[in-house]
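Q: Got a file for you: final-v4.tsv, TSV, C-alpha atoms and all ligand atoms.
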```
chain	number	residue	atom	x	y	z
A	1	MET	CA	13.60	-28.14	6.48
A	2	VAL	CA	10.37	-27.08	4.79
A	3	PHE	CA	7.72	-29.51	6.06
A	4	ASP	CA	8.32	-28.71	9.73
A	5	HIS	CA	8.92	-24.97	9.16
A	6	VAL	CA	6.71	-22.86	11.46
A	7	ASP	CA	5.26	-21.01	8.42
A	8	PHE	CA	4.63	-24.13	6.35
A	9	ASP	CA	0.85	-24.27	5.76
A	10	ASP	CA	0.51	-27.35	3.59
A	11	HIS	CA	1.94	-25.42	0.64
A	12	GLU	CA	1.41	-27.43	-2.53
A	13	GLN	CA	4.86	-26.87	-3.96
A	14	VAL	CA	8.06	-25.18	-2.80
A	15	THR	CA	10.89	-25.18	-5.33
A	16	PHE	CA	14.48	-24.08	-4.86
A	17	VAL	CA	15.88	-22.77	-8.12
A	18	ASN	CA	19.63	-22.60	-8.70
A	19	ASP	CA	21.26	-21.55	-11.98
A	20	VAL	CA	24.95	-20.95	-11.36
A	21	LYS	CA	25.62	-19.72	-14.90
A	22	VAL	CA	23.53	-16.59	-14.36
A	23	GLY	CA	23.74	-16.40	-10.54
A	24	LEU	CA	20.05	-17.16	-10.02
A	25	ARG	CA	19.06	-18.42	-6.58
A	26	ALA	CA	15.34	-18.34	-5.95
A	27	ILE	CA	12.57	-20.01	-4.02
A	28	VAL	CA	9.12	-20.31	-5.58
A	29	ALA	CA	6.21	-21.27	-3.33
A	30	ILE	CA	2.77	-22.22	-4.56
A	31	HIS	CA	0.45	-22.11	-1.57
A	32	ARG	CA	-2.83	-23.09	-3.25
A	33	GLY	CA	-3.32	-23.58	-6.98
A	34	ARG	CA	-7.13	-23.80	-6.79
A	35	GLY	CA	-7.19	-25.85	-9.97
A	36	THR	CA	-6.24	-22.95	-12.23
A	37	THR	CA	-3.07	-21.00	-11.61
A	38	ALA	CA	-1.53	-19.42	-8.55
A	39	GLY	CA	-0.48	-15.77	-8.81
A	40	GLY	CA	2.09	-13.80	-6.90
A	41	GLY	CA	4.93	-11.35	-7.33
A	42	VAL	CA	8.68	-11.82	-7.69
A	43	ARG	CA	10.49	-10.25	-4.75
A	44	PHE	CA	14.19	-9.53	-5.38
A	45	ARG	CA	16.01	-8.86	-2.11
A	46	PRO	CA	19.42	-9.41	-0.55
A	47	TYR	CA	18.07	-11.72	2.16
A	48	PRO	CA	20.57	-12.06	5.03
A	49	SER	CA	20.01	-15.84	5.10
A	50	ASP	CA	18.31	-18.59	3.11
A	51	ASP	CA	16.04	-19.21	6.08
A	52	GLU	CA	14.74	-15.63	6.00
A	53	ALA	CA	14.06	-16.01	2.28
A	54	LEU	CA	12.16	-19.24	2.93
A	55	THR	CA	10.15	-17.67	5.76
A	56	ASP	CA	9.23	-14.72	3.55
A	57	VAL	CA	8.14	-16.83	0.58
A	58	LEU	CA	6.04	-19.18	2.74
A	59	ARG	CA	4.25	-16.28	4.48
A	60	LEU	CA	3.82	-14.14	1.38
A	61	SER	CA	2.43	-16.98	-0.75
A	62	ARG	CA	-0.16	-17.78	1.92
A	63	ALA	CA	-1.11	-14.08	2.12
A	64	MET	CA	-1.54	-14.12	-1.67
A	65	THR	CA	-4.07	-16.95	-1.40
A	66	TYR	CA	-6.02	-14.87	1.13
A	67	LYS	CA	-5.78	-11.80	-1.10
A	68	MET	CA	-7.03	-13.76	-4.13
A	69	VAL	CA	-9.99	-15.42	-2.40
A	70	LEU	CA	-11.08	-12.23	-0.64
A	71	ALA	CA	-11.04	-10.47	-4.03
A	72	ARG	CA	-13.16	-13.38	-5.31
A	73	LEU	CA	-10.56	-14.20	-7.95
A	74	PRO	CA	-10.63	-17.75	-9.36
A	75	VAL	CA	-6.91	-18.28	-8.76
A	76	GLY	CA	-4.65	-19.33	-5.90
A	77	GLY	CA	-1.71	-17.71	-4.19
A	78	ALA	CA	2.03	-18.04	-4.76
A	79	LYS	CA	5.20	-15.99	-4.44
A	80	SER	CA	8.82	-16.02	-5.55
A	81	VAL	CA	11.88	-14.65	-3.85
A	82	ILE	CA	15.11	-14.11	-5.73
A	83	ILE	CA	18.04	-13.85	-3.35
A	84	GLY	CA	20.34	-10.98	-4.32
A	85	ASP	CA	20.74	-7.24	-4.56
A	86	PRO	CA	18.60	-6.07	-7.49
A	87	SER	CA	20.79	-3.02	-8.11
A	88	ARG	CA	23.81	-5.29	-8.61
A	89	ASP	CA	22.57	-8.78	-9.45
A	90	LYS	CA	19.50	-8.21	-11.63
A	91	THR	CA	20.55	-8.97	-15.21
A	92	PRO	CA	18.49	-9.79	-18.31
A	93	GLU	CA	20.12	-13.25	-18.34
A	94	LEU	CA	19.04	-13.92	-14.74
A	95	LEU	CA	15.48	-12.75	-15.41
A	96	ALA	CA	15.30	-14.87	-18.57
A	97	ALA	CA	16.52	-17.92	-16.62
A	98	PHE	CA	13.82	-17.25	-14.02
A	99	GLY	CA	11.31	-17.03	-16.89
A	100	ARG	CA	12.40	-20.46	-18.13
A	101	PHE	CA	11.77	-21.87	-14.67
A	102	VAL	CA	8.28	-20.31	-14.56
A	103	GLU	CA	7.62	-21.83	-17.99
A	104	SER	CA	8.64	-25.26	-16.68
A	105	LEU	CA	5.73	-25.05	-14.21
A	106	ASP	CA	3.39	-25.24	-17.21
A	107	GLY	CA	0.98	-22.50	-16.15
A	108	ARG	CA	0.65	-23.53	-12.49
A	109	TYR	CA	2.32	-20.25	-11.43
A	110	THR	CA	1.78	-16.77	-12.86
A	111	CYS	CA	4.34	-14.21	-11.72
A	112	GLY	CA	4.21	-10.43	-11.50
A	113	PRO	CA	6.19	-7.50	-10.11
A	114	ASP	CA	6.96	-7.01	-6.43
A	115	ILE	CA	9.63	-5.26	-4.36
A	116	GLY	CA	12.85	-5.24	-6.40
A	117	THR	CA	11.21	-6.02	-9.74
A	118	ASP	CA	9.07	-3.91	-12.06
A	119	GLU	CA	6.97	-4.03	-15.20
A	120	HIS	CA	10.08	-3.83	-17.43
A	121	ASP	CA	11.57	-6.90	-15.71
A	122	MET	CA	8.27	-8.69	-16.40
A	123	ASP	CA	8.75	-7.97	-20.12
A	124	ILE	CA	12.12	-9.75	-19.97
A	125	ILE	CA	10.67	-12.73	-18.07
A	126	ALA	CA	7.90	-12.82	-20.69
A	127	THR	CA	10.46	-13.57	-23.42
A	128	GLU	CA	10.52	-17.09	-21.93
A	129	THR	CA	6.98	-17.62	-20.64
A	130	ASP	CA	3.44	-16.34	-21.05
A	131	SER	CA	2.71	-16.79	-17.34
A	132	VAL	CA	3.52	-13.18	-16.50
A	133	ALA	CA	1.25	-10.33	-15.38
A	134	GLY	CA	2.08	-6.65	-14.94
A	135	ARG	CA	4.26	-6.24	-18.04
A	136	ALA	CA	5.16	-2.77	-19.27
A	137	SER	CA	4.10	-3.86	-22.74
A	138	ARG	CA	0.71	-5.14	-21.62
A	139	GLY	CA	-1.32	-3.60	-18.82
A	140	GLY	CA	1.60	-1.62	-17.42
A	141	SER	CA	2.30	-0.87	-13.78
A	142	THR	CA	0.00	-2.41	-11.19
A	143	ALA	CA	0.29	0.67	-8.97
A	144	PRO	CA	-2.70	2.57	-10.48
A	145	PRO	CA	-5.20	-0.32	-10.04
A	146	THR	CA	-3.81	-0.95	-6.55
A	147	ALA	CA	-4.54	2.69	-5.73
A	148	ILE	CA	-8.09	2.35	-7.11
A	149	GLY	CA	-8.73	-0.66	-4.86
A	150	ALA	CA	-7.24	1.15	-1.86
A	151	PHE	CA	-9.43	4.18	-2.64
A	152	HIS	CA	-12.54	1.97	-2.45
A	153	GLY	CA	-11.16	0.46	0.77
A	154	LEU	CA	-10.80	3.97	2.22
A	155	ARG	CA	-14.37	4.85	1.26
A	156	ALA	CA	-15.61	1.71	3.02
A	157	THR	CA	-13.47	2.49	6.06
A	158	ALA	CA	-14.98	5.97	6.25
A	159	LYS	CA	-18.47	4.43	5.99
A	160	ALA	CA	-17.80	1.92	8.79
A	161	VAL	CA	-16.16	4.42	11.12
A	162	PHE	CA	-17.83	7.76	10.36
A	163	GLY	CA	-21.15	6.59	8.87
A	164	SER	CA	-20.55	8.04	5.39
A	165	ASP	CA	-18.30	6.99	2.53
A	166	ASP	CA	-18.09	10.53	1.22
A	167	LEU	CA	-14.44	11.49	1.56
A	168	ALA	CA	-15.00	15.22	0.94
A	169	GLY	CA	-13.44	17.08	3.84
A	170	ARG	CA	-11.93	13.92	5.40
A	171	ARG	CA	-8.33	14.38	6.52
A	172	ILE	CA	-6.15	11.51	5.33
A	173	ALA	CA	-2.42	10.98	5.92
A	174	ILE	CA	-0.57	9.00	3.24
A	175	GLN	CA	2.73	7.35	4.16
A	176	GLY	CA	4.70	6.79	0.94
A	177	ALA	CA	4.49	8.86	-2.24
A	178	GLY	CA	5.56	6.08	-4.64
A	179	GLY	CA	3.54	4.37	-7.35
A	180	VAL	CA	0.50	3.63	-5.19
A	181	GLY	CA	0.73	6.61	-2.81
A	182	SER	CA	0.89	9.16	-5.62
A	183	ASN	CA	-2.07	7.65	-7.50
A	184	LEU	CA	-4.03	7.46	-4.27
A	185	ALA	CA	-3.27	11.10	-3.48
A	186	GLN	CA	-4.79	12.01	-6.85
A	187	LEU	CA	-7.96	9.95	-6.27
A	188	LEU	CA	-8.39	11.30	-2.73
A	189	THR	CA	-7.86	14.96	-3.55
A	190	GLU	CA	-10.23	14.60	-6.52
A	191	ALA	CA	-12.81	13.23	-4.06
A	192	GLY	CA	-12.37	16.35	-1.94
A	193	ALA	CA	-10.26	14.86	0.86
A	194	GLU	CA	-7.64	16.91	2.66
A	195	VAL	CA	-4.43	14.94	2.08
A	196	ILE	CA	-1.10	15.11	3.84
A	197	VAL	CA	1.74	13.01	2.50
A	198	ALA	CA	5.21	11.97	3.66
A	199	ASP	CA	8.01	10.03	2.03
A	200	VAL	CA	11.63	9.35	3.01
A	201	ASN	CA	12.30	10.76	-0.43
A	202	GLY	CA	11.20	14.34	0.32
A	203	ASP	CA	11.18	15.27	-3.38
A	204	ALA	CA	8.61	12.54	-4.09
A	205	ALA	CA	6.32	13.82	-1.34
A	206	ARG	CA	6.69	17.43	-2.50
A	207	ALA	CA	5.98	16.44	-6.13
A	208	VAL	CA	2.76	14.71	-5.08
A	209	ALA	CA	1.80	17.65	-2.87
A	210	ASP	CA	2.45	20.19	-5.63
A	211	THR	CA	0.63	18.17	-8.30
A	212	TRP	CA	-2.49	17.29	-6.32
A	213	GLY	CA	-2.82	20.10	-3.85
A	214	ALA	CA	-1.83	18.01	-0.84
A	215	THR	CA	0.52	18.97	1.99
A	216	ALA	CA	3.96	17.37	2.30
A	217	VAL	CA	5.08	16.72	5.87
A	218	ASP	CA	7.91	15.05	7.75
A	219	THR	CA	7.95	11.23	7.77
A	220	ASP	CA	8.49	10.98	11.55
A	221	HIS	CA	4.97	12.01	12.50
A	222	ILE	CA	2.87	10.83	9.56
A	223	LEU	CA	1.35	7.84	11.39
A	224	SER	CA	0.56	10.00	14.44
A	225	ALA	CA	-0.85	12.90	12.41
A	226	ASP	CA	-4.05	14.56	13.60
A	227	VAL	CA	-6.22	13.15	10.79
A	228	ASP	CA	-9.29	10.94	10.34
A	229	ILE	CA	-7.55	8.05	8.56
A	230	VAL	CA	-3.92	7.04	8.20
A	231	SER	CA	-2.99	5.24	4.96
A	232	PRO	CA	0.30	3.26	4.94
A	233	ASN	CA	1.57	2.90	1.37
A	234	ALA	CA	5.30	2.55	1.85
A	235	VAL	CA	6.81	-0.45	3.62
A	236	GLY	CA	5.60	-3.29	5.84
A	237	ALA	CA	5.71	-3.73	9.63
A	238	VAL	CA	4.88	-0.07	10.32
A	239	LEU	CA	2.21	-0.94	12.90
A	240	ASP	CA	4.14	-2.00	15.99
A	241	ASP	CA	4.41	-1.55	19.77
A	242	ASN	CA	5.87	1.94	19.33
A	243	SER	CA	3.73	3.37	16.53
A	244	ILE	CA	0.27	2.04	17.46
A	245	PRO	CA	-0.11	3.94	20.77
A	246	THR	CA	0.74	7.20	18.97
A	247	ILE	CA	-1.97	6.88	16.30
A	248	ARG	CA	-4.57	9.62	16.67
A	249	ALA	CA	-6.65	8.67	13.62
A	250	LYS	CA	-9.79	6.57	14.09
A	251	ALA	CA	-8.78	4.22	11.27
A	252	VAL	CA	-5.87	2.81	9.29
A	253	CYS	CA	-6.33	1.74	5.67
A	254	GLY	CA	-3.64	1.47	3.03
A	255	SER	CA	-2.03	-0.78	0.44
A	256	ALA	CA	1.34	-1.53	2.06
A	257	ASN	CA	1.75	-5.30	2.42
A	258	ASN	CA	2.22	-6.85	5.88
A	259	GLN	CA	1.55	-3.68	7.87
A	260	LEU	CA	1.40	-5.49	11.21
A	261	ALA	CA	4.82	-6.08	12.75
A	262	ARG	CA	3.29	-9.13	14.49
A	263	PRO	CA	-0.19	-10.72	14.22
A	264	GLU	CA	-1.12	-9.62	17.78
A	265	HIS	CA	-0.92	-5.97	16.71
A	266	ALA	CA	-4.35	-6.44	15.11
A	267	ALA	CA	-5.83	-6.97	18.60
A	268	MET	CA	-3.85	-4.02	19.95
A	269	LEU	CA	-5.41	-1.75	17.32
A	270	ALA	CA	-8.89	-3.13	18.04
A	271	ASP	CA	-8.43	-2.62	21.79
A	272	LEU	CA	-7.54	1.03	21.18
A	273	GLY	CA	-10.66	1.47	19.05
A	274	ILE	CA	-8.66	1.98	15.85
A	275	ALA	CA	-10.32	0.34	12.84
A	276	TRP	CA	-7.63	-1.40	10.79
A	277	ALA	CA	-8.63	-2.41	7.26
A	278	PRO	CA	-6.44	-5.49	6.64
A	279	ASP	CA	-3.86	-4.88	3.92
A	280	TYR	CA	-4.62	-8.17	2.17
A	281	VAL	CA	-8.22	-6.96	1.69
A	282	VAL	CA	-7.35	-3.42	0.62
A	283	SER	CA	-4.31	-4.02	-1.61
A	284	SER	CA	-5.75	-6.55	-4.05
A	285	GLY	CA	-6.06	-4.09	-6.97
A	286	GLY	CA	-2.72	-5.08	-8.49
A	287	ALA	CA	-3.61	-8.78	-8.28
A	288	ILE	CA	-7.03	-8.11	-9.81
A	289	ALA	CA	-5.44	-6.22	-12.71
A	290	GLY	CA	-2.82	-8.95	-13.12
A	291	VAL	CA	-5.45	-11.68	-13.37
A	292	CYS	CA	-7.17	-9.57	-16.05
A	293	ASP	CA	-3.83	-9.04	-17.83
A	294	VAL	CA	-3.39	-12.76	-18.37
A	295	GLY	CA	-6.95	-13.14	-19.65
A	296	ILE	CA	-8.59	-14.97	-16.72
A	297	ILE	CA	-11.14	-12.20	-16.13
A	298	THR	CA	-12.43	-9.54	-18.51
A	299	PRO	CA	-11.76	-5.79	-18.11
A	300	ALA	CA	-15.41	-5.37	-17.04
A	301	GLU	CA	-14.97	-8.03	-14.33
A	302	ARG	CA	-11.72	-6.35	-13.28
A	303	ASP	CA	-13.50	-3.05	-12.75
A	304	ARG	CA	-16.32	-4.72	-10.80
A	305	LYS	CA	-13.82	-6.51	-8.58
A	306	LEU	CA	-11.85	-3.31	-7.95
A	307	ALA	CA	-15.07	-1.62	-6.85
A	308	ALA	CA	-15.96	-4.66	-4.72
A	309	VAL	CA	-12.94	-4.01	-2.48
A	310	TYR	CA	-15.43	-1.59	-0.90
A	311	ASP	CA	-17.89	-4.40	-0.01
A	312	THR	CA	-15.31	-6.76	1.46
A	313	THR	CA	-13.61	-4.01	3.48
A	314	LEU	CA	-16.97	-2.85	4.83
A	315	GLU	CA	-18.06	-6.41	5.68
A	316	VAL	CA	-14.81	-7.10	7.56
A	317	LEU	CA	-14.83	-3.80	9.48
A	318	GLU	CA	-18.52	-3.92	10.39
A	319	THR	CA	-18.37	-7.57	11.50
A	320	ALA	CA	-15.27	-6.95	13.60
A	321	MET	CA	-16.78	-3.86	15.22
A	322	ALA	CA	-20.11	-5.58	15.93
A	323	GLU	CA	-18.51	-8.70	17.37
A	324	GLY	CA	-15.64	-6.99	19.21
A	325	ARG	CA	-13.03	-9.01	17.33
A	326	SER	CA	-9.97	-7.93	15.42
A	327	THR	CA	-10.35	-7.28	11.69
A	328	ASP	CA	-7.48	-9.69	11.05
A	329	THR	CA	-9.38	-12.51	12.77
A	330	VAL	CA	-12.57	-11.74	10.84
A	331	ALA	CA	-10.85	-11.40	7.44
A	332	GLY	CA	-8.79	-14.57	8.00
A	333	GLU	CA	-11.93	-16.50	8.90
A	334	LEU	CA	-13.76	-15.18	5.81
A	335	ALA	CA	-10.81	-16.14	3.57
A	336	ARG	CA	-10.67	-19.69	4.96
A	337	HIS	CA	-14.45	-20.00	4.55
A	338	LEU	CA	-14.26	-18.87	0.90
A	339	LEU	CA	-11.33	-21.21	0.30
A	340	VAL	CA	-13.28	-24.35	1.22
A	341	ASP	CA	-16.38	-23.31	-0.76
A	401	LIG	N1	2.38	-1.60	-6.68
A	401	LIG	C1	1.49	-2.57	-6.46
A	401	LIG	O1	0.87	-3.10	-7.38
A	401	LIG	C2	1.21	-3.05	-5.07
A	401	LIG	C3	0.24	-4.03	-4.88
A	401	LIG	C4	-0.05	-4.46	-3.58
A	401	LIG	C5	0.65	-3.93	-2.52
A	401	LIG	N2	1.62	-2.97	-2.74
A	401	LIG	C6	2.35	-2.46	-1.59
A	401	LIG	O2	2.11	-1.06	-1.48
A	401	LIG	C7	3.26	-0.39	-0.99
A	401	LIG	C8	3.67	0.69	-1.96
A	401	LIG	O3	3.92	0.13	-3.23
A	401	LIG	P1	4.48	1.02	-4.43
A	401	LIG	O4	4.33	0.22	-5.65
A	401	LIG	O5	3.88	2.39	-4.35
A	401	LIG	O6	6.03	1.12	-4.03
A	401	LIG	P2	7.05	2.27	-4.43
A	401	LIG	O7	8.40	1.68	-4.22
A	401	LIG	O8	6.70	2.87	-5.75
A	401	LIG	O9	6.77	3.40	-3.32
A	401	LIG	C9	7.07	3.26	-1.98
A	401	LIG	C10	7.45	4.65	-1.48
A	401	LIG	O10	7.58	4.58	-0.06
A	401	LIG	C11	8.69	5.40	0.31
A	401	LIG	N3	9.14	4.98	1.63
A	401	LIG	C12	9.92	3.93	1.98
A	401	LIG	N4	10.05	3.86	3.32
A	401	LIG	C13	9.31	4.88	3.81
A	401	LIG	C14	9.03	5.32	5.14
A	401	LIG	N5	9.54	4.70	6.21
A	401	LIG	N6	8.24	6.41	5.29
A	401	LIG	C15	7.73	7.05	4.23
A	401	LIG	N7	7.97	6.66	2.96
A	401	LIG	C16	8.74	5.61	2.76
A	401	LIG	C17	9.70	5.21	-0.81
A	401	LIG	O11	10.64	6.27	-0.85
A	401	LIG	C18	8.79	5.17	-2.03
A	401	LIG	O12	8.60	6.45	-2.58
A	401	LIG	C19	4.30	-1.50	-0.78
A	401	LIG	O13	4.25	-1.94	0.54
A	401	LIG	C20	3.85	-2.59	-1.72
A	401	LIG	O14	4.29	-3.87	-1.28
A	401	LIG	C21	1.90	-2.51	-3.99
```
So, in terms of structure tokens, how does the structure I just supplied come out?
Ligand SMILES: NC(=O)c1ccc[n+]([C@@H]2O[C@H](COP(=O)([O-])OP(=O)(O)OC[C@H]3O[C@@H](n4cnc5c(N)ncnc54)[C@H](O)[C@@H]3O)[C@@H](O)[C@H]2O)c1
A:
Amino acid sequence: MVFDHVDFDDHEQVTFVNDVKVGLRAIVAIHRGRGTTAGGGVRFRPYPSDDEALTDVLRLSRAMTYKMVLARLPVGGAKSVIIGDPSRDKTPELLAAFGRFVESLDGRYTCGPDIGTDEHDMDIIATETDSVAGRASRGGSTAPPTAIGAFHGLRATAKAVFGSDDLAGRRIAIQGAGGVGSNLAQLLTEAGAEVIVADVNGDAARAVADTWGATAVDTDHILSADVDIVSPNAVGAVLDDNSIPTIRAKAVCGSANNQLARPEHAAMLADLGIAWAPDYVVSSGGAIAGVCDVGIITPAERDRKLAAVYDTTLEVLETAMAEGRSTDTVAGELARHLLVD
């Protein structure tokens, strides 16, 4: 049941989509529409059960609302999950059918890429609806703007923790050398930081290291590396009971969504004196670019909002440090405050 689900947070609309002809089974959740549209990516994953898909879409859509309000974007949060293995089940027909469903929502939901979908898939969805951000043919990948936002988040983190946002000479460990991690490595090395990078795909890490003058290392010890800041840019749930006590850096700041394995890990980080910049504050660059893509904000506003990731990250970290609270508590409170304004 949805209404009594533990992650149900008065979501405005949760729709189960079933198109047997093309094998489409999806759940689309609009958490808050905020009177305009609600934005959020399309996650394509072979969920082990329908319940896990529902849990994911309810949590992720709520996190999107937080991400949107903290980025001061005039849109709400939503998310879609398509249940299936993208390498086997993702067909143009399925994506087009999903596009027709998005179109039926009449602008209330704007989709974009997420795990298991990319900018080329968005082009196919866009054959059926205009409510699509992050298309290859318009705006392109959201990874570069996400990296720009994360870069500003890292500068703010350095300011809060070390007293200066100058990253020259700062040692930063990047987990994940994919779309975001590789762009971030470029921005950081150009700013004079000393970057180490690890990826389960060793070739990806070596390519980033060779191109930007970083150092590729083993994935096993990247979070516990002897650096100033650790930057997770790979997968979620990397901050857990096992990894947190091994962190030697003074701060953690990266774009990976849902970095905390459980909400209480925010307090565990705070108790150990590790400043954690919440992912939903730091990783809004893709959403900001997507909202620009569909014409809701101008390119100049997009650039201002990307730069403003610095201000929000700094506000959250400084407030949390001054009040001895976790950054997750402070950022959540700020998001709820902005939401009722
Ligand atoms: N791309 C965006 O616009 C965007 C926006 C917001 C948040 N994010 C989040 O940022 C993260 C990175 O996104 P991306 O677009 O770069 O994805 P990506 O798939 O391009 O890159 C992820 C990289 O992480 C590597 N990886 C996977 N598991 C790993 C592990 N355990 N250790 C080290 N490396 C590992 C993969 O091999 C891959 O190279 C994701 O968590 C994503 O949800 C991305």
Q: Around ligand LIG 401 (chain A), at most 6 Å away and counting only C-alpha atoms and all ligand atoms, which residues are there? Put them as a PDB file with C-alpha atoms, keeping the file's coordinate frame, please.
A:
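Below you can see part27.pdb, which holds the result:
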```
ATOM      1  CA  THR A 142       0.000  -2.410 -11.190  1.00  0.00           C
ATOM      2  CA  ALA A 143       0.290   0.670  -8.970  1.00  0.00           C
ATOM      3  CA  THR A 146      -3.810  -0.950  -6.550  1.00  0.00           C
ATOM      4  CA  GLN A 175       2.730   7.350   4.160  1.00  0.00           C
ATOM      5  CA  GLY A 176       4.700   6.790   0.940  1.00  0.00           C
ATOM      6  CA  ALA A 177       4.490   8.860  -2.240  1.00  0.00           C
ATOM      7  CA  GLY A 178       5.560   6.080  -4.640  1.00  0.00           C
ATOM      8  CA  GLY A 179       3.540   4.370  -7.350  1.00  0.00           C
ATOM      9  CA  VAL A 180       0.500   3.630  -5.190  1.00  0.00           C
ATOM     10  CA  GLY A 181       0.730   6.610  -2.810  1.00  0.00           C
ATOM     11  CA  ALA A 198       5.210  11.970   3.660  1.00  0.00           C
ATOM     12  CA  ASP A 199       8.010  10.030   2.030  1.00  0.00           C
ATOM     13  CA  VAL A 200      11.630   9.350   3.010  1.00  0.00           C
ATOM     14  CA  ASN A 201      12.300  10.760  -0.430  1.00  0.00           C
ATOM     15  CA  THR A 219       7.950  11.230   7.770  1.00  0.00           C
ATOM     16  CA  ASN A 233       1.570   2.900   1.370  1.00  0.00           C
ATOM     17  CA  ALA A 234       5.300   2.550   1.850  1.00  0.00           C
ATOM     18  CA  VAL A 235       6.810  -0.450   3.620  1.00  0.00           C
ATOM     19  CA  GLY A 236       5.600  -3.290   5.840  1.00  0.00           C
ATOM     20  CA  SER A 255      -2.030  -0.780   0.440  1.00  0.00           C
ATOM     21  CA  ALA A 256       1.340  -1.530   2.060  1.00  0.00           C
ATOM     22  CA  ASN A 257       1.750  -5.300   2.420  1.00  0.00           C
ATOM     23  CA  SER A 283      -4.310  -4.020  -1.610  1.00  0.00           C
ATOM     24  CA  GLY A 286      -2.720  -5.080  -8.490  1.00  0.00           C
TER      25      GLY A 286
END
```
Q: Excluding A:Thr65 and its own-chain neighbours fewer than 5 positions away, which residues fall within 7 Å of it when counting only C-alpha atoms? Please give them as a list in words.
A: His31, Arg32, Gly76 and Gly77 of chain A
Q: I'd like the interatomic distance between atom CA of A:Ala204 and atom CA of A:Leu154, to a tenth of an Å.
A: 22.1 Å
Q: When distances are computed from all atoms listed in the file, which of A:Val316, A:Ala78, A:Ile27, A:Ala191 shows the smallest separation from A:Ala156?
A: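 Going through A:Val316, A:Ala78, A:Ile27, A:Ala191 one by one, the smallest distance to A:Ala156 is for A:Val316.
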Q: Considering all atoms listed in the file, state which residue in the set A:Gly134, A:Gly149, A:Leu58, A:Glu333 is at the smallest distance from A:Phe3.
A: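 Checking each candidate against A:Phe3, we get A:Leu58 as the closest.
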Q: Counting all atoms listed in the file, which residue out of A:Val2, A:Ala160, A:Ala207, A:Ile174 sits closest to A:Glu194?
A: A:Ile174
Q: Quick one, how far is atom CA of A:Asp166 from atom CA of A:Gly153?
A: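 Taking atom CA of A:Asp166 and atom CA of A:Gly153, their separation equals 12.2 Å.
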Q: Counting all atoms listed in the file, figure out which residue out of A:Pro92, A:Val208, A:Tyr66, A:Gly290 gets nearest to A:Cys111.
A: A:Gly290
Q: I'd like the contact shell of A:Asp123 - 7 Å cut-off, only C-alpha atoms, skipping same-chain residues fewer than 5 positions apart - returned as a list in words.
A: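 Near neighbours after the sequence-gap exclusion: Arg135, Ala136 and Ser137 of chain A.
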